[in-house]
>>> print(open('work-v9.csv').read())   # CSV, N, CA and C atoms
chain,number,residue,atom,x,y,z
A,1,MET,N,300.1,101.9,103.8
A,1,MET,CA,299.2,101.5,104.8
A,1,MET,C,300.0,101.3,106.1
A,2,LYS,N,299.3,101.6,107.2
A,2,LYS,CA,300.0,101.4,108.5
A,2,LYS,C,300.0,99.9,108.9
A,3,THR,N,301.0,99.6,109.7
A,3,THR,CA,301.1,98.2,110.2
A,3,THR,C,299.9,97.7,110.9
A,4,SER,N,299.3,98.6,111.7
A,4,SER,CA,298.1,98.1,112.5
A,4,SER,C,297.0,97.8,111.6
A,5,THR,N,296.9,98.6,110.5
A,5,THR,CA,295.8,98.3,109.5
A,5,THR,C,296.0,97.0,108.8
A,6,ILE,N,297.2,96.7,108.5
A,6,ILE,CA,297.5,95.4,107.8
A,6,ILE,C,297.3,94.3,108.7
A,7,ILE,N,297.7,94.4,110.0
A,7,ILE,CA,297.4,93.3,111.0
A,7,ILE,C,295.9,93.1,111.2
A,8,ALA,N,295.2,94.2,111.2
A,8,ALA,CA,293.7,94.1,111.4
A,8,ALA,C,293.1,93.4,110.2
A,9,ILE,N,293.5,93.7,109.0
A,9,ILE,CA,292.9,93.1,107.8
A,9,ILE,C,293.3,91.6,107.9
A,10,ILE,N,294.5,91.2,108.2
A,10,ILE,CA,294.9,89.8,108.3
A,10,ILE,C,294.1,89.1,109.4
A,11,LEU,N,293.8,89.7,110.5
A,11,LEU,CA,293.0,89.1,111.5
A,11,LEU,C,291.6,88.9,111.1
A,12,ILE,N,291.0,89.8,110.4
A,12,ILE,CA,289.7,89.7,109.9
A,12,ILE,C,289.6,88.5,108.9
A,13,VAL,N,290.6,88.5,107.9
A,13,VAL,CA,290.6,87.4,106.9
A,13,VAL,C,290.7,86.0,107.6
A,14,VAL,N,291.6,85.9,108.6
A,14,VAL,CA,291.9,84.7,109.3
A,14,VAL,C,290.6,84.3,110.0
A,15,GLY,N,289.9,85.2,110.7
A,15,GLY,CA,288.7,84.9,111.4
A,15,GLY,C,287.6,84.4,110.5
A,16,ILE,N,287.5,85.0,109.3
A,16,ILE,CA,286.5,84.5,108.3
A,16,ILE,C,286.9,83.1,107.8
A,17,MET,N,288.2,82.9,107.6
A,17,MET,CA,288.6,81.5,107.1
A,17,MET,C,288.3,80.5,108.2
A,18,ILE,N,288.5,80.8,109.4
A,18,ILE,CA,288.3,79.8,110.5
A,18,ILE,C,286.8,79.5,110.6
A,19,PHE,N,285.9,80.5,110.4
A,19,PHE,CA,284.5,80.2,110.4
A,19,PHE,C,284.1,79.3,109.2
A,20,ALA,N,284.8,79.5,108.0
A,20,ALA,CA,284.5,78.7,106.8
A,20,ALA,C,285.0,77.3,106.9
A,21,TYR,N,286.2,77.1,107.3
A,21,TYR,CA,286.8,75.7,107.2
A,21,TYR,C,286.6,74.9,108.5
A,22,GLN,N,286.6,75.4,109.7
A,22,GLN,CA,286.4,74.7,110.9
A,22,GLN,C,287.5,73.7,111.2
A,23,GLY,N,288.6,73.7,110.4
A,23,GLY,CA,289.7,72.8,110.7
A,23,GLY,C,290.7,72.7,109.6
A,24,ILE,N,291.9,72.3,109.9
A,24,ILE,CA,293.0,72.1,108.9
A,24,ILE,C,293.3,70.6,108.9
A,25,GLN,N,293.3,70.1,107.7
A,25,GLN,CA,293.6,68.7,107.5
A,25,GLN,C,295.0,68.5,106.8
A,26,TYR,N,295.8,67.5,107.3
A,26,TYR,CA,297.0,67.2,106.7
A,26,TYR,C,297.3,65.7,106.8
A,27,ILE,N,298.2,65.2,105.9
A,27,ILE,CA,298.5,63.8,105.9
A,27,ILE,C,299.9,63.6,106.5
A,28,SER,N,300.0,62.7,107.4
A,28,SER,CA,301.4,62.3,108.0
A,28,SER,C,301.7,60.9,107.5
A,29,ARG,N,303.0,60.7,107.2
A,29,ARG,CA,303.5,59.4,106.8
A,29,ARG,C,304.4,58.9,107.8
A,30,GLU,N,304.1,57.6,108.2
A,30,GLU,CA,304.9,56.9,109.2
A,30,GLU,C,305.5,55.7,108.6
A,31,LYS,N,306.8,55.5,108.8
A,31,LYS,CA,307.5,54.3,108.2
A,31,LYS,C,307.2,53.2,109.2
A,32,VAL,N,306.5,52.1,108.7
A,32,VAL,CA,306.2,51.0,109.5
A,32,VAL,C,307.3,49.9,109.4
A,33,ALA,N,307.8,49.6,108.3
A,33,ALA,CA,308.8,48.6,108.1
A,33,ALA,C,309.7,49.0,107.0
A,34,ASP,N,311.0,48.6,107.1
A,34,ASP,CA,312.0,48.9,106.1
A,34,ASP,C,312.8,47.6,105.9
A,35,ILE,N,312.5,46.9,104.8
A,35,ILE,CA,313.2,45.6,104.5
A,35,ILE,C,314.0,45.8,103.2
A,36,GLY,N,315.3,45.9,103.4
A,36,GLY,CA,316.1,46.1,102.2
A,36,GLY,C,315.8,47.4,101.5
A,37,HIS,N,315.5,47.3,100.2
A,37,HIS,CA,315.1,48.5,99.4
A,37,HIS,C,313.6,48.7,99.4
A,38,VAL,N,312.9,47.9,100.1
A,38,VAL,CA,311.4,48.0,100.1
A,38,VAL,C,311.0,48.5,101.5
A,39,GLY,N,310.2,49.6,101.4
A,39,GLY,CA,309.7,50.2,102.7
A,39,GLY,C,308.2,50.2,102.7
A,40,ILE,N,307.6,50.1,103.9
A,40,ILE,CA,306.2,50.1,104.0
A,40,ILE,C,305.9,51.4,104.9
A,41,THR,N,305.0,52.2,104.3
A,41,THR,CA,304.7,53.4,105.1
A,41,THR,C,303.1,53.4,105.3
A,42,ASN,N,302.8,54.1,106.3
A,42,ASN,CA,301.3,54.2,106.7
A,42,ASN,C,301.0,55.7,106.6
A,43,GLU,N,300.0,56.0,105.8
A,43,GLU,CA,299.5,57.4,105.7
A,43,GLU,C,298.3,57.6,106.6
A,44,LYS,N,298.3,58.7,107.3
A,44,LYS,CA,297.2,58.9,108.3
A,44,LYS,C,296.7,60.4,108.1
A,45,MET,N,295.4,60.5,107.9
A,45,MET,CA,294.8,61.8,107.8
A,45,MET,C,294.6,62.4,109.2
A,46,ASN,N,295.2,63.6,109.5
A,46,ASN,CA,295.1,64.2,110.7
A,46,ASN,C,294.3,65.5,110.6
A,47,THR,N,293.6,65.9,111.6
A,47,THR,CA,292.8,67.2,111.5
A,47,THR,C,293.2,68.0,112.8
A,48,ILE,N,293.5,69.3,112.5
A,48,ILE,CA,293.6,70.2,113.6
A,48,ILE,C,292.3,71.0,113.7
A,49,PRO,N,291.5,70.8,114.8
A,49,PRO,CA,290.3,71.4,114.9
A,49,PRO,C,290.4,72.9,115.2
A,50,LEU,N,289.7,73.8,114.6
A,50,LEU,CA,289.7,75.2,114.9
A,50,LEU,C,288.4,75.6,115.4
A,51,SER,N,288.4,76.1,116.6
A,51,SER,CA,287.1,76.5,117.2
A,51,SER,C,286.5,77.7,116.6
A,52,SER,N,285.2,77.8,116.5
A,52,SER,CA,284.6,79.0,116.0
A,52,SER,C,284.8,80.2,117.0
A,53,ILE,N,285.2,79.9,118.3
A,53,ILE,CA,285.5,80.9,119.3
A,53,ILE,C,286.8,81.6,118.8
A,54,MET,N,287.8,80.8,118.3
A,54,MET,CA,289.0,81.4,117.8
A,54,MET,C,288.7,82.3,116.7
A,55,GLY,N,287.9,81.9,115.8
A,55,GLY,CA,287.5,82.7,114.6
A,55,GLY,C,286.8,84.0,115.1
A,56,GLY,N,285.9,83.9,116.1
A,56,GLY,CA,285.3,85.1,116.6
A,56,GLY,C,286.3,86.1,117.2
A,57,ILE,N,287.2,85.5,118.0
A,57,ILE,CA,288.2,86.4,118.6
A,57,ILE,C,289.1,87.1,117.6
A,58,ALA,N,289.5,86.4,116.6
A,58,ALA,CA,290.3,87.0,115.5
A,58,ALA,C,289.5,88.1,114.8
A,59,LEU,N,288.2,87.8,114.5
A,59,LEU,CA,287.4,88.7,113.8
A,59,LEU,C,287.1,90.0,114.6
A,60,VAL,N,286.8,89.8,115.9
A,60,VAL,CA,286.5,91.0,116.7
A,60,VAL,C,287.8,91.8,117.0
A,61,GLY,N,288.9,91.0,117.1
A,61,GLY,CA,290.2,91.7,117.3
A,61,GLY,C,290.6,92.6,116.1
A,62,GLY,N,290.4,92.0,114.9
A,62,GLY,CA,290.7,92.8,113.7
A,62,GLY,C,289.8,94.0,113.6
A,63,ILE,N,288.5,93.9,113.9
A,63,ILE,CA,287.6,95.0,113.8
A,63,ILE,C,288.0,96.1,114.9
A,64,ALA,N,288.4,95.6,116.1
A,64,ALA,CA,288.7,96.5,117.1
A,64,ALA,C,290.0,97.3,116.7
A,65,LEU,N,291.0,96.6,116.1
A,65,LEU,CA,292.2,97.3,115.7
A,65,LEU,C,291.9,98.4,114.7
A,66,LEU,N,291.0,98.0,113.7
A,66,LEU,CA,290.6,99.0,112.7
A,66,LEU,C,289.9,100.3,113.4
A,67,LEU,N,289.1,100.0,114.4
A,67,LEU,CA,288.4,101.1,115.0
A,67,LEU,C,289.3,102.0,115.9
A,68,VAL,N,290.2,101.3,116.6
A,68,VAL,CA,291.1,102.1,117.5
A,68,VAL,C,292.2,102.8,116.8
A,69,PHE,N,292.8,102.1,115.8
A,69,PHE,CA,293.9,102.8,115.1
A,69,PHE,C,293.5,103.4,113.8
A,70,GLY,N,292.2,103.5,113.6
A,70,GLY,CA,291.7,104.2,112.4
A,70,GLY,C,291.6,105.7,112.6
A,71,ARG,N,291.7,106.1,113.9
A,71,ARG,CA,291.6,107.5,114.2
A,71,ARG,C,292.9,108.2,113.7
A,72,LYS,N,292.9,109.5,113.6
A,72,LYS,CA,294.0,110.3,113.2
A,72,LYS,C,295.1,110.1,114.2
A,73,GLN,N,296.4,110.1,113.8
A,73,GLN,CA,297.5,109.9,114.7
A,73,GLN,C,297.6,111.1,115.7
A,74,GLU,N,297.3,112.3,115.3
A,74,GLU,CA,297.4,113.4,116.2
A,74,GLU,C,296.4,113.3,117.3
A,75,ASP,N,295.2,112.7,117.0
A,75,ASP,CA,294.2,112.5,118.1
A,75,ASP,C,294.7,111.5,119.1
A,76,LEU,N,295.4,110.5,118.7
A,76,LEU,CA,296.0,109.5,119.6
A,76,LEU,C,297.1,110.1,120.5
A,77,ILE,N,297.9,111.0,119.9
A,77,ILE,CA,299.0,111.6,120.7
A,77,ILE,C,298.4,112.6,121.7
A,78,THR,N,297.5,113.5,121.3
A,78,THR,CA,297.0,114.5,122.2
A,78,THR,C,296.0,114.0,123.2
A,79,GLY,N,295.3,112.8,122.8
A,79,GLY,CA,294.3,112.3,123.6
A,79,GLY,C,293.0,113.0,123.5
A,80,LYS,N,292.9,113.8,122.5
A,80,LYS,CA,291.6,114.5,122.3
A,80,LYS,C,290.7,113.7,121.4
A,81,ALA,N,289.4,113.7,121.8
A,81,ALA,CA,288.4,112.9,121.1
A,81,ALA,C,287.5,113.9,120.4
A,82,PRO,N,287.2,113.7,119.1
A,82,PRO,CA,286.3,114.6,118.5
A,82,PRO,C,284.9,114.6,119.0
A,83,MET,N,284.2,115.7,119.2
A,83,MET,CA,282.9,115.8,119.7
A,83,MET,C,282.1,116.7,118.7
A,84,ILE,N,280.9,116.2,118.3
A,84,ILE,CA,280.1,116.9,117.3
A,84,ILE,C,279.2,117.9,118.1
A,85,ILE,N,279.3,119.1,117.8
A,85,ILE,CA,278.4,120.2,118.4
A,85,ILE,C,277.3,120.6,117.4
A,86,ILE,N,276.1,120.5,117.8
A,86,ILE,CA,275.0,120.9,117.0
A,86,ILE,C,274.4,122.2,117.5
A,87,ASP,N,274.2,123.2,116.7
A,87,ASP,CA,273.7,124.5,117.1
A,87,ASP,C,272.3,124.3,117.6
A,88,ALA,N,271.8,125.1,118.5
A,88,ALA,CA,270.5,125.0,119.2
A,88,ALA,C,269.4,125.1,118.1
A,89,LYS,N,269.6,125.9,117.1
A,89,LYS,CA,268.6,126.1,116.1
A,89,LYS,C,268.7,125.0,115.0
A,90,PHE,N,269.7,124.1,115.1
A,90,PHE,CA,269.9,123.0,114.1
A,90,PHE,C,270.2,123.6,112.7
A,91,GLU,N,270.9,124.8,112.7
A,91,GLU,CA,271.2,125.4,111.4
A,91,GLU,C,272.6,124.9,111.0
A,92,LYS,N,273.5,124.6,111.9
A,92,LYS,CA,274.8,124.1,111.5
A,92,LYS,C,275.4,123.2,112.6
A,93,SER,N,276.3,122.5,112.2
A,93,SER,CA,277.0,121.6,113.1
A,93,SER,C,278.5,121.7,112.8
A,94,TYR,N,279.3,121.5,113.8
A,94,TYR,CA,280.8,121.5,113.6
A,94,TYR,C,281.4,120.6,114.6
A,95,ILE,N,282.7,120.2,114.3
A,95,ILE,CA,283.4,119.3,115.2
A,95,ILE,C,284.3,120.1,116.1
A,96,ASN,N,284.2,119.8,117.3
A,96,ASN,CA,285.1,120.5,118.3
A,96,ASN,C,285.9,119.4,119.0
A,97,TYR,N,287.2,119.7,119.3
A,97,TYR,CA,288.0,118.8,120.0
A,97,TYR,C,288.1,119.1,121.5
A,98,LEU,N,287.8,118.1,122.3
A,98,LEU,CA,287.8,118.4,123.8
A,98,LEU,C,289.2,118.8,124.3
>>> encode(input="work-v9.csv", output="structure tokens")
Amino acid sequence: MKTSTIIAIILIVVGIMIFAYQGIQYISREKVADIGHVGITNEKMNTIPLSSIMGGIALVGGIALLLVFGRKQEDLITGKAPMIIIDAKFEKSYINYL
């Protein structure tokens, strides 16, 4: 697999996860007092909010990477875009490069 494809898939997965979870929670421990061998700690639940806008940006970015870098490498180098030509009688069609 190409690197751009892997990055695109990772962005799509991260975007979907952000939509699903809406935030990351973790516990932080703070030492309040330390008396001899006995210590008192305070546990606090913290949340990092993740905006659905970030999820949308990651999802759209991943899809865009797949669309842009999904083309053949030679098309990107020459700058030629494929164009579908249809015969006037609609008997056959073929792909022509500009």
>>> residues_around(input="work-v9.csv", residues="A:Leu50", least_positions_apart="4", cutoff="7 Å", atoms="only C-alpha atoms", output="PyMOL selection string")
chain A and resi 18+22-23+54
>>> write_last_selection(input="work-v9.csv", atoms="N, CA and C atoms", output="compact mmCIF listing (two decimals), in the coordinates of the input")
# COMPACT_ATOMS: atom_id res chain seq x y z
N ILE A 18 288.50 80.80 109.40
CA ILE A 18 288.30 79.80 110.50
C ILE A 18 286.80 79.50 110.60
N GLN A 22 286.60 75.40 109.70
CA GLN A 22 286.40 74.70 110.90
C GLN A 22 287.50 73.70 111.20
N GLY A 23 288.60 73.70 110.40
CA GLY A 23 289.70 72.80 110.70
C GLY A 23 290.70 72.70 109.60
N MET A 54 287.80 80.80 118.30
CA MET A 54 289.00 81.40 117.80
C MET A 54 288.70 82.30 116.70
>>> atom_distance(input="work-v9.csv", atom1="atom N of A:Met45", atom2="atom N of A:Met17")
23.5 Å
>>> atom_distance(input="work-v9.csv", atom1="atom CA of A:Gly56", atom2="atom CA of A:Ile27")
27.2 Å
>>> residues_around(input="work-v9.csv", residues="A:Ser4", least_positions_apart="5", cutoff="8 Å", atoms="all atoms listed in the file", output="PDB file with N, CA and C atoms, in the frame of the given file")
ATOM      1  N   ILE A   9     293.500  93.700 109.000  1.00  0.00           N
ATOM      2  CA  ILE A   9     292.900  93.100 107.800  1.00  0.00           C
ATOM      3  C   ILE A   9     293.300  91.600 107.900  1.00  0.00           C
ATOM      4  N   ILE A  10     294.500  91.200 108.200  1.00  0.00           N
ATOM      5  CA  ILE A  10     294.900  89.800 108.300  1.00  0.00           C
ATOM      6  C   ILE A  10     294.100  89.100 109.400  1.00  0.00           C
ATOM      7  N   LEU A  65     291.000  96.600 116.100  1.00  0.00           N
ATOM      8  CA  LEU A  65     292.200  97.300 115.700  1.00  0.00           C
ATOM      9  C   LEU A  65     291.900  98.400 114.700  1.00  0.00           C
ATOM     10  N   LEU A  66     291.000  98.000 113.700  1.00  0.00           N
ATOM     11  CA  LEU A  66     290.600  99.000 112.700  1.00  0.00           C
ATOM     12  C   LEU A  66     289.900 100.300 113.400  1.00  0.00           C
ATOM     13  N   PHE A  69     292.800 102.100 115.800  1.00  0.00           N
ATOM     14  CA  PHE A  69     293.900 102.800 115.100  1.00  0.00           C
ATOM     15  C   PHE A  69     293.500 103.400 113.800  1.00  0.00           C
ATOM     16  N   GLY A  70     292.200 103.500 113.600  1.00  0.00           N
ATOM     17  CA  GLY A  70     291.700 104.200 112.400  1.00  0.00           C
ATOM     18  C   GLY A  70     291.600 105.700 112.600  1.00  0.00           C
TER      19      GLY A  70
END
>>> closest_residue(input="work-v9.csv", among="A:Ile12, A:Ile40, A:Ile6, A:Ala33", to="A:Val60", atoms="only C-alpha atoms")
A:Ile12
>>> atom_distance(input="work-v9.csv", atom1="atom N of A:Leu59", atom2="atom C of A:Tyr26")
25.1 Å
>>> residues_around(input="work-v9.csv", residues="A:Gly55", least_positions_apart="3", cutoff="6 Å", atoms="all atoms listed in the file", output="PyMOL selection string")
chain A and resi 14-16+18-19+51-52+58-60
>>> residues_around(input="work-v9.csv", residues="A:Ile24", least_positions_apart="5", cutoff="7 Å", atoms="all atoms listed in the file", output="PyMOL selection string")
chain A and resi 46-50
>>> select_by_dssp(input="work-v9.csv", residues="stretch 17-81 of chain A", states="strand (DSSP E)", output="PyMOL selection string")
chain A and resi 23-35+38-49
>>> closest_residue(input="work-v9.csv", among="A:Ile57, A:Glu30, A:Val13, A:Tyr21", to="A:Lys44", atoms="only N, CA and C atoms")
A:Glu30
>>> residues_around(input="work-v9.csv", residues="A:Arg29", least_positions_apart="5", cutoff="7 Å", atoms="all atoms listed in the file", output="PyMOL selection string")
chain A and resi 41-44
>>> closest_residue(input="work-v9.csv", among="A:Gly39, A:Val32, A:Gln25, A:Ile7", to="A:Ile63", atoms="only N, CA and C atoms")
A:Ile7
